[in-house]
Amino acid sequence: MALERSDVEKVAHLARLKIEDNDIPEYTRDLTSILELVNQMQSVDIDGTDPLAHPLDATQRLRHDEVTESNQREHFQQNAPAKEAGLFLVPKVIE
Amino acid sequence: MHNKTIAELAKGLADGEFSSVELTQHFLGRIDALDSQYNSFITVTPEQALAQAEAADATRAAGNAKALTGVPVAHKDIFCTNGVLTTCASKMLSNFVAPYDATVVDKFNSAGMVSLGKTNMDEFAMGSSNENSFYGAVKNPWDTNAVPGGSSGGSAAAVAARLAPGATGTDTGGSIRQPAAFCGITGLKPTYGRVSRWGMIAYASSLDQGGPMARTAEDCALLLNEMAGFDPKDSTSLKKAVPDYTADLNQPLSGLRIGLPKEYFGKELSAEMSDAIMASVKEFEKLGATVQEVSLPNTMLAIPSYYIIAPAEASSNLSRFDGVRYGYRCENPENLEDLYKRSRGEGFGKEVQRRILVGTYALSEGYYDAYYRKAQRIRRLIQQDFLNAFNEVDLIMGPTTPTPAFDLGSNTDDPVQMYMEDIYTLAVNLAGLPGISVPAGLVNGRPVGLQILAGHFKESQLLNAAHQLQTATNWHQLAPSAGQ
């Protein structure tokens with residue numbers, strides 16, 4: 001099942017990844033060969049088997065709805081590429 | 001000093017043979033003198049290390065030392081370290097100073113241990129050769145033309161070259177065991193949920209597990225004692241008491257039942273590799289173990305299952321790197337979408353982008369059942385194979401890798417060929433089992449590893465067997481010339 005250039009462009013958009021035009025043929029080839037590899041799975045008939053999500057079949061724990069953390073906004077925002085007055089700055093979204 | 005094991009260093013510190021400051025200075029000096037040949041560290045932290053060493057010596061003088069107080073180690077650069085650059089070997093995080101400590105780092109600090117710095121790795125832990133690093137490939141101390149393995153290649157190379165007596169690693173599909181095998185050291189991947197993942201930058205959350213890398217099984221036991229345990233901050237961490245992993249090291253092995261999966265000794269395994277592994281198995285027989293063949297019939301399905309589950313989870317985990325809150329941001333974004341796309345396109349390397357694309361494809365509308373869900377069903381088959389085998393035997397043994405370390409640059413053009421390197425290790429993560437790689441001699445002058453697997457939470461049994469092998473043989477003492 002060979003992927004088309006447009007498939008890769010669509011997936012790259014879904015993943016919000018900018019891929020250079022001249023890299024698309026290589027990604028198309030690589031993804032096709034990876035999908036050929038994983039398509040070995042399709043011949044196995046195991047619809048009756050339950051999917052395994054956690055190796056020990058543990059379920060997510062719930063915790064009490066209590067405040068446990070203090071506000072460290074300034075500390076955590078030290079790594080922000082652009083910020084102002086405690087807010088993260090991004091290009092204008094609403095005209 | 002650098003040829004001593006962690007157990008010997010701990011004793012030397014306790015006996016006052018040397019101080020933690022002297023020990024730390026010695027390893028920092030070796031890193032400074034030798035690491036330009038291997039590139040095993042991304043960041044070395046001499047000031048913090050010496051401050052921790054001074055504090056450790058003061059703790060000892062006050063009579064409050066614990067088992068590993070003052071012992072220096074290195075952390076894989078996937079573990080967040082408060083106030084220290086934490087890059088995951090990616091341009092995306094090349095400016096990221098972690099604002100907190102990972103639980104594993106916090107535990108080591110509380111134990112009074114010293115961190116020498118952060119080791120190189122494949123970007124976001126995606127790779128089997130350590131060639132996918134923004135900071136350049138790591139070279140194998142046994143032969144600088146060879147890869148050290150990956151993704152924890154920097155940790156393995158640093159320990160093999162005696163630049164650190166031990167290091168942390170993480171293992172999603174073999175990333176502790178494979179580099180341990182290639183570099184001739186001992187590396188343990190614990191049971192999924194045994195070691196907290198909090199502050200360990202996520203790759204594939206249902207597979208990722210941190211663990212120790214050192215020269216001996218005894219040292220891995222000492223490090224695991226400090227790493228393991230329930231963590232309320234990791235929702236997949238398991239509430240289970242932590243035993244003393246050194247307690248059973250000297251148990252005799254008489255009556256131990258060892259299974260050799262016939263699928264692990266097929267025609268793809270060379271005679272030299274098979275001979276090396278069987279020489280170790282013979283040692284276990286001499287120690288009183290019995291050996292029988294077992295079967296893991298779905299072994300080959302581990303590769304397709306893994307290469308859906310891991311990229312799918314990665315595509316989800318790595319969506320957090322958006323150029324907004326931390327990490328790399330592109331220059332002059334035109335709008336928000338351009339900011340996302342170019343920050344991610346420029347910040348992630350090729351293999352990371354490939355896996356994000358595969359994962360996004362597998363999770364996209366209309367494909368979820370055919371890929372992710374199918375891979376999870378196969379995952380249960382693979383786990384069931386192991387559970388069936390463990391009804392007959394106590395431990396499973398085989399090669400950690402199909403070959404010794406390959407040459408730098410030899411596999412990078414073909415991702416699928418590279419994925420096949422992980423055939424013996426991937427299934428263990430899918431099943432959530434603990435596994436250890438121990439040195440099993442040299443093939444063509446390069447180290448190879450014996451992989452030993454046990455049932456869930458049976459790390460003590462793995463460490464016991466590995467330690468007994470290391471008591472009877474000296475493969476683990478072989479060192480590259482740089483380490484002598």
# chains A, B, ... in the order shown; residues from 1 in each chain; ligands from 1

$ residues_around --residues "range 107-110 of chain B" --least-positions-apart "6" --cutoff "10 Å" --atoms "only C-alpha atoms" --output "list in words"
Gln52, Ala56, Lys66, Leu68, Thr69, Gly70, Val71, Pro72, Val73, Asp101, Leu223, Glu226, Met227, Ala228 and Gly229 of chain B

$ select_by_dssp --residues "chain A" --states "strand (DSSP E or B)" --output "list in words"
Lys83, Glu84, Leu87 and Phe88 of chain A

$ write_last_selection --atoms "N, CA, C and O atoms" --output "compact mmCIF listing (two decimals), in the first residue's frame"
# COMPACT_ATOMS: atom_id res chain seq x y z
N LYS A 83 6.76 36.27 26.53
CA LYS A 83 5.73 36.39 27.57
C LYS A 83 5.58 37.86 27.97
O LYS A 83 6.48 38.66 27.74
N GLU A 84 4.43 38.14 28.54
CA GLU A 84 4.19 39.50 29.02
C GLU A 84 3.11 39.45 30.09
O GLU A 84 2.06 38.84 29.89
N LEU A 87 1.49 36.22 30.78
CA LEU A 87 0.80 35.56 29.66
C LEU A 87 1.83 35.12 28.62
O LEU A 87 2.86 35.77 28.44
N PHE A 88 1.52 34.02 27.93
CA PHE A 88 2.37 33.59 26.82
C PHE A 88 1.98 34.39 25.59
O PHE A 88 0.79 34.53 25.28

$ closest_residue --among "A:His13, A:Leu35, A:Arg5, A:Asn79" --to "chain B" --atoms "only C-alpha atoms"
A:Asn79

$ closest_atom_pairs --of "chain A" --to "chain B" --cutoff "6 Å" --atoms "only C-alpha atoms" --output "CSV"
residue,atom,partner,partner_atom,distance
A:Val11,CA,B:Tyr361,CA,6.0
A:Arg16,CA,B:Lys341,CA,4.7
A:Leu17,CA,B:Lys341,CA,4.5
A:Lys18,CA,B:Gly345,CA,4.6
A:Val38,CA,B:Pro304,CA,4.0
A:Thr49,CA,B:Arg377,CA,5.8
A:Asp50,CA,B:Arg377,CA,5.8
A:Pro51,CA,B:Arg377,CA,4.0
A:Leu52,CA,B:Gln376,CA,5.1
A:Pro55,CA,B:Gly432,CA,5.0
A:Asn79,CA,B:Tyr326,CA,4.9
A:Ala80,CA,B:Tyr326,CA,4.5
A:Pro91,CA,B:Asn335,CA,5.2

$ write_last_selection --atoms "all heavy atoms" --output "short mmCIF file (atom, residue, chain, number, x, y, z; two decimals), in the first residue's frame"
data_model
loop_
_atom_site.label_atom_id
_atom_site.label_comp_id
_atom_site.auth_asym_id
_atom_site.auth_seq_id
_atom_site.Cartn_x
_atom_site.Cartn_y
_atom_site.Cartn_z
N VAL A 11 -1.09 14.27 6.58
CA VAL A 11 -0.68 13.85 7.92
C VAL A 11 0.22 14.92 8.55
O VAL A 11 0.11 15.23 9.74
CB VAL A 11 0.04 12.48 7.85
CG1 VAL A 11 0.61 12.11 9.21
CG2 VAL A 11 -0.92 11.41 7.39
N ARG A 16 0.78 19.22 12.57
CA ARG A 16 1.33 20.58 12.61
C ARG A 16 2.86 20.53 12.49
O ARG A 16 3.59 21.06 13.31
CB ARG A 16 0.93 21.29 13.91
CG ARG A 16 -0.58 21.46 14.08
CD ARG A 16 -1.19 22.34 12.98
NE ARG A 16 -2.60 22.61 13.20
CZ ARG A 16 -3.59 21.85 12.73
NH1 ARG A 16 -3.34 20.78 12.01
NH2 ARG A 16 -4.86 22.17 12.98
N LEU A 17 3.30 19.87 11.42
CA LEU A 17 4.73 19.78 11.12
C LEU A 17 4.96 20.41 9.75
O LEU A 17 4.34 20.01 8.77
CB LEU A 17 5.17 18.32 11.02
CG LEU A 17 5.68 17.56 12.23
CD1 LEU A 17 6.06 16.15 11.81
CD2 LEU A 17 6.85 18.26 12.87
N LYS A 18 5.86 21.37 9.69
CA LYS A 18 6.24 21.95 8.40
C LYS A 18 7.34 21.08 7.81
O LYS A 18 8.42 20.95 8.39
CB LYS A 18 6.74 23.37 8.63
CG LYS A 18 7.46 23.99 7.46
CD LYS A 18 6.49 24.52 6.43
CE LYS A 18 7.27 25.17 5.28
NZ LYS A 18 6.46 25.25 4.07
N VAL A 38 4.36 -2.66 9.26
CA VAL A 38 3.33 -2.84 10.28
C VAL A 38 2.10 -3.56 9.72
O VAL A 38 1.33 -4.15 10.49
CB VAL A 38 2.93 -1.51 10.96
CG1 VAL A 38 4.13 -0.85 11.60
CG2 VAL A 38 2.27 -0.56 9.99
N THR A 49 -9.63 -10.89 20.95
CA THR A 49 -8.66 -10.61 22.02
C THR A 49 -8.81 -9.18 22.49
O THR A 49 -8.91 -8.26 21.69
CB THR A 49 -7.22 -10.81 21.47
OG1 THR A 49 -7.13 -12.11 20.91
CG2 THR A 49 -6.18 -10.65 22.55
N ASP A 50 -8.81 -9.00 23.81
CA ASP A 50 -8.94 -7.64 24.34
C ASP A 50 -7.65 -6.86 24.12
O ASP A 50 -6.57 -7.39 24.35
CB ASP A 50 -9.22 -7.67 25.85
CG ASP A 50 -10.65 -8.08 26.14
OD1 ASP A 50 -11.50 -7.86 25.25
OD2 ASP A 50 -10.90 -8.59 27.24
N PRO A 51 -7.77 -5.59 23.73
CA PRO A 51 -6.56 -4.77 23.61
C PRO A 51 -5.87 -4.62 24.97
O PRO A 51 -6.54 -4.59 26.00
CB PRO A 51 -7.09 -3.42 23.13
CG PRO A 51 -8.48 -3.66 22.65
CD PRO A 51 -8.98 -4.85 23.39
N LEU A 52 -4.55 -4.55 24.95
CA LEU A 52 -3.80 -4.38 26.20
C LEU A 52 -3.25 -2.95 26.23
O LEU A 52 -2.42 -2.58 25.41
CB LEU A 52 -2.64 -5.39 26.24
CG LEU A 52 -1.85 -5.53 27.55
CD1 LEU A 52 -1.18 -6.90 27.61
CD2 LEU A 52 -0.79 -4.46 27.67
N PRO A 55 0.39 -2.79 30.76
CA PRO A 55 0.91 -4.16 30.82
C PRO A 55 0.41 -4.96 32.02
O PRO A 55 0.38 -6.18 31.99
CB PRO A 55 2.43 -3.97 30.90
CG PRO A 55 2.69 -2.60 30.41
CD PRO A 55 1.46 -1.79 30.66
N ASN A 79 11.02 29.59 30.96
CA ASN A 79 11.39 28.95 29.70
C ASN A 79 10.55 29.42 28.52
O ASN A 79 10.75 28.95 27.40
CB ASN A 79 11.25 27.43 29.82
CG ASN A 79 12.44 26.78 30.51
OD1 ASN A 79 13.56 26.87 30.02
ND2 ASN A 79 12.21 26.16 31.66
N ALA A 80 9.62 30.33 28.74
CA ALA A 80 8.73 30.74 27.64
C ALA A 80 9.49 31.58 26.62
O ALA A 80 10.25 32.47 26.99
CB ALA A 80 7.55 31.53 28.20
N PRO A 91 1.38 35.00 17.94
CA PRO A 91 0.89 35.92 16.92
C PRO A 91 -0.61 36.15 17.06
O PRO A 91 -1.34 35.27 17.55
CB PRO A 91 1.20 35.19 15.60
CG PRO A 91 2.30 34.26 15.94
CD PRO A 91 2.07 33.84 17.35
#

$ select_by_dssp --residues "range 165-263 of chain B" --states "helix (DSSP H, G or I)" --output "ChimeraX atom specification"
/B:177-183,217-227,262-263

$ residues_around --residues "range 17-29 of chain B" --least-positions-apart "4" --cutoff "12 Å" --atoms "only C-alpha atoms" --output "number ranges by chain"
B: 1-4, 6, 8-13, 33-35, 41, 43-61, 65, 68-74, 112-117, 158-159, 161-166, 483

$ atom_distance --atom1 "CA of Ala465 in chain B" --atom2 "CA of Phe386 in chain B"
18.6 Å

$ atom_distance --atom1 "CA of Asn474 in chain B" --atom2 "CA of Asn250 in chain B"
16.7 Å

$ residues_around --residues "Leu3 in chain A" --least-positions-apart "6" --cutoff "8 Å" --atoms "only C-alpha atoms" --output "list in words"
Thr28, Arg29, Leu31 and Thr32 of chain A

$ atom_distance --atom1 "CA of Ala89 in chain B" --atom2 "CA of Thr5 in chain B"
28.0 Å
